Amino acid sequence: MNAIRLEHVTKAYKLYHHPGDRLKEALHPGRKKYHQDFCALRDISLAIQPGETIGIIGRNGSGKSTLLKLIAGILTPTAGTVEAWGKVAALLELGAGFNLELTGLENFYFNGLLLGHTRREMEARREAVIAFADIGDYMDQPVKHYSSGMFVRLAFAVAIQVDPDILIVDEALAVGDLNFQARCFRKLNEFRANGKTVLLVTHALDSVLRYCSRAMVLDKGRMVVAADSKKAVDVYKQLMANCYDAVPVAGSAPVAGLAPDDQAPLPVNPDALVYGEGHAEIVEYDLFDEHNRPTRLLQHGRPFSIHMKVQFRAAVREPIFAFTIKDLKGMELTGTNTQFKHVPTGSYDKWDSVSVEFAQTLNAQSGRYALSLGCTGYEGDTMVVYHRLYDILLFETTSSMPMVGCYDLDSKIRIQRA
């Protein structure tokens with residue numbers, strides 16, 4: 001059984017240029033049209049199972065908040081059907097669902113009654129809400145005096161304590177402080193473990209990768225993709241670079257070509273994403289150990305380097321060369337670029353080439369990782385992706401050094417008897 005089902009959902013609005021145009025249109029004997037149609041969502045279909053945590057990502061204005069309001073029952077679709085089974089609690093705009101003249105505690109009771117709980121049931125949850133919101137005496141003050149952080153604390157505390165089957169969160173967690181965010185994400189994990197459904201709209205892609213089983217990408221009201229979180233995040237990054245569905249610079253990924261002449265090139269990831277607008281191309285690249293040998297196995301605490309050769313297809317001034325290392329779920333672990341390191345890169349004419357080397361020491365936990373390479377730059381104030389090889393090389397690391405997490409800080413410990 002589904003928790004949420006969307007079938008060919010479309011939401012359109014009538015936009016009027018002047019306030020009186022709505023009345024003119026309603027009274028005009030020939031039904032003259034005074035509005036423009038704006039389609040916020042177009043033909044969205046998706047089924048969500050109980051217990052799933054779904055991320056919804058997209059640029060501003062892509063229709064994310066409209067979709068959540070449809071699922072929450074605040075809006076009705078222009079076409080298609082929206083079905084949600086069970087109790088729905090939604091954190092949308094700050095203050096949504098609150099009476100500004102009532103106190104925080106009064107709004108808690110009010111929201112509970114709207115969702116069908118009795119006064120006695122809400123009394124039993126009162127102390128838990130006060131503890132989770134952690135806003136002290138402000139619980140007895142009208143919420144019109146609250147800061148945005150207090151609003152979110154109270155709204156989230158109320159939403160989780162009314163025991164919903166479906167929890168909808170629209171960018172709300174970005175407002176809270178670090179302690180509150182950590183508390184919220186622990187609660188989201190509890191919801192998921194208890195078979196609850198969570199919809200999370202956020203621009204924090206690491207949260208999507210860490211907490212969401214799937215994600216959907218919206219763009220200009222259309223669903224671009226609904227897939228596992230890593231694939232969805234990759235598609236979103238392509239959209240942000242205006243390179244989604246663009247023709248790849250060189251078709252498929254170039255073969256790693258920096259191995260010695262007498263050695264066959266080591267394998268590259270056949271599922272790598274390759275895209276860019278074409279002013280430059282990464283034509284050769286590889287990963288090298290401390291002996292300058294191409295490798296896919298690195299040792300903890302030992303030097304290694306990343307090399308790439310870039311050829312320019314147009315004149316480019318001060319390009320940015322970059323690498324990123326991610327785990328196989330897509331979480332970015334480390335990386336850098338020439339801009340971050342304040343390394344001048346120079347100017348290049350068409351058909352010029354440059355070799356770039358990043359040299360460092362490996363401090364990662366044992367595991368499997370993905371290396372991405374990129375050449376970008378600015379044209380005016382706009383960041384342009386010239387060529388990007390996403391997850392182009394998969395490699396392993398080995399370590400005999402126990403550590404917590406994925407990265408060793410190479411700590412030096414000093415103990416001095418008092």
# chains A, B, ... in the order shown; residues from 1 in each chain; ligands from 1
call {"tool": "closest_atom_pairs", "arguments": {"of": "region 265-336 of chain A", "to": "region 393-411 of chain A", "cutoff": "6 Å", "atoms": "only C-alpha atoms", "output": "JSON lines"}}
result
{"residue": "A:Val268", "atom": "CA", "partner": "A:Leu393", "partner_atom": "CA", "distance": 5.1}
{"residue": "A:Asn269", "atom": "CA", "partner": "A:Leu393", "partner_atom": "CA", "distance": 5.5}
{"residue": "A:Arg296", "atom": "CA", "partner": "A:Phe395", "partner_atom": "CA", "distance": 4.5}
{"residue": "A:Leu297", "atom": "CA", "partner": "A:Glu396", "partner_atom": "CA", "distance": 4.9}
{"residue": "A:Leu298", "atom": "CA", "partner": "A:Thr397", "partner_atom": "CA", "distance": 4.7}
{"residue": "A:Gln299", "atom": "CA", "partner": "A:Thr398", "partner_atom": "CA", "distance": 5.2}
{"residue": "A:His300", "atom": "CA", "partner": "A:Ser399", "partner_atom": "CA", "distance": 4.9}
call {"tool": "residues_around", "arguments": {"residues": "region 352-365 of chain A", "least_positions_apart": "2", "cutoff": "7 Å", "atoms": "only C-alpha atoms", "output": "list in words"}}
result
Gln299, His300, Gly301, Arg302, Pro303, Phe304, Ser305, Ile306, His307, Met308, Lys309, Val310, Gln311, Phe312, Tyr348, Asp349, Lys350, Gly367, Ser399, Cys406, Tyr407 and Asp408 of chain A
call {"tool": "closest_residue", "arguments": {"among": "A:Asp37, A:Leu113, A:Tyr16, A:Lys11", "to": "Pro77 (chain A)", "atoms": "only C-alpha atoms"}}
result
A:Lys11
call {"tool": "residues_around", "arguments": {"residues": "Gln238 (chain A)", "least_positions_apart": "3", "cutoff": "10 Å", "atoms": "only C-alpha atoms", "output": "mmCIF file with C-alpha atoms, in the first residue's frame"}}
result
data_model
loop_
_atom_site.group_PDB
_atom_site.id
_atom_site.type_symbol
_atom_site.label_atom_id
_atom_site.label_comp_id
_atom_site.auth_asym_id
_atom_site.auth_seq_id
_atom_site.Cartn_x
_atom_site.Cartn_y
_atom_site.Cartn_z
ATOM 1 C CA ALA A 232 19.144 12.626 -8.217
ATOM 2 C CA VAL A 233 21.798 14.866 -6.649
ATOM 3 C CA ASP A 234 24.068 14.371 -9.672
ATOM 4 C CA VAL A 235 21.235 15.379 -12.003
ATOM 5 C CA ALA A 241 25.476 24.022 -14.261
ATOM 6 C CA ASN A 242 22.997 24.283 -17.179
ATOM 7 C CA CYS A 243 24.492 21.084 -18.554
ATOM 8 C CA TYR A 244 21.667 18.584 -18.147
ATOM 9 C CA ASP A 245 20.934 16.908 -21.476
ATOM 10 C CA ALA A 246 23.745 18.911 -23.022
ATOM 11 C CA LEU A 273 28.941 11.543 -15.700
ATOM 12 C CA VAL A 274 30.718 13.669 -18.291
ATOM 13 C CA TYR A 275 29.459 17.107 -19.242
ATOM 14 C CA GLY A 276 30.448 20.702 -19.872
ATOM 15 C CA VAL A 385 31.415 24.370 -16.181
ATOM 16 C CA ARG A 388 33.466 17.910 -15.533
#
call {"tool": "atom_distance", "arguments": {"atom1": "CA of Pro270 (chain A)", "atom2": "CA of Ile392 (chain A)"}}
result
7.9 Å
call {"tool": "residues_around", "arguments": {"residues": "region 122-136 of chain A", "least_positions_apart": "6", "cutoff": "12 Å", "atoms": "only C-alpha atoms", "output": "NGL selection string"}}
result
:A and (104-116 or 143 or 146-163 or 176-177 or 179-184 or 186-187)
call {"tool": "select_by_dssp", "arguments": {"residues": "region 81-281 of chain A", "states": "helix (DSSP H, G or I)", "output": "PyMOL selection string"}}
result
chain A and resi 104-114+119-133+136-140+143-145+148-161+172-174+178-193+205-211+229-240
call {"tool": "atom_distance", "arguments": {"atom1": "CA of Cys375 (chain A)", "atom2": "CA of Phe321 (chain A)"}}
result
4.7 Å
call {"tool": "closest_atom_pairs", "arguments": {"of": "region 271-370 of chain A", "to": "region 203-217 of chain A", "cutoff": "12 Å", "atoms": "only C-alpha atoms", "output": "tab-separated table"}}
result
residue	atom	partner	partner_atom	distance
A:Lys326	CA	A:Asp206	CA	11.1
A:Asp327	CA	A:Leu209	CA	10.6
A:Leu328	CA	A:Leu209	CA	10.6
A:Lys329	CA	A:Leu209	CA	6.9
A:Gly330	CA	A:Leu209	CA	6.7
A:Met331	CA	A:Asp206	CA	6.3
A:Glu332	CA	A:Asp206	CA	7.8
A:Leu333	CA	A:Asp206	CA	10.3
call {"tool": "closest_residue", "arguments": {"among": "A:Leu27, A:Ala193, A:Ile71, A:Leu389", "to": "Pro50 (chain A)", "atoms": "only C-alpha atoms"}}
result
A:Ala193
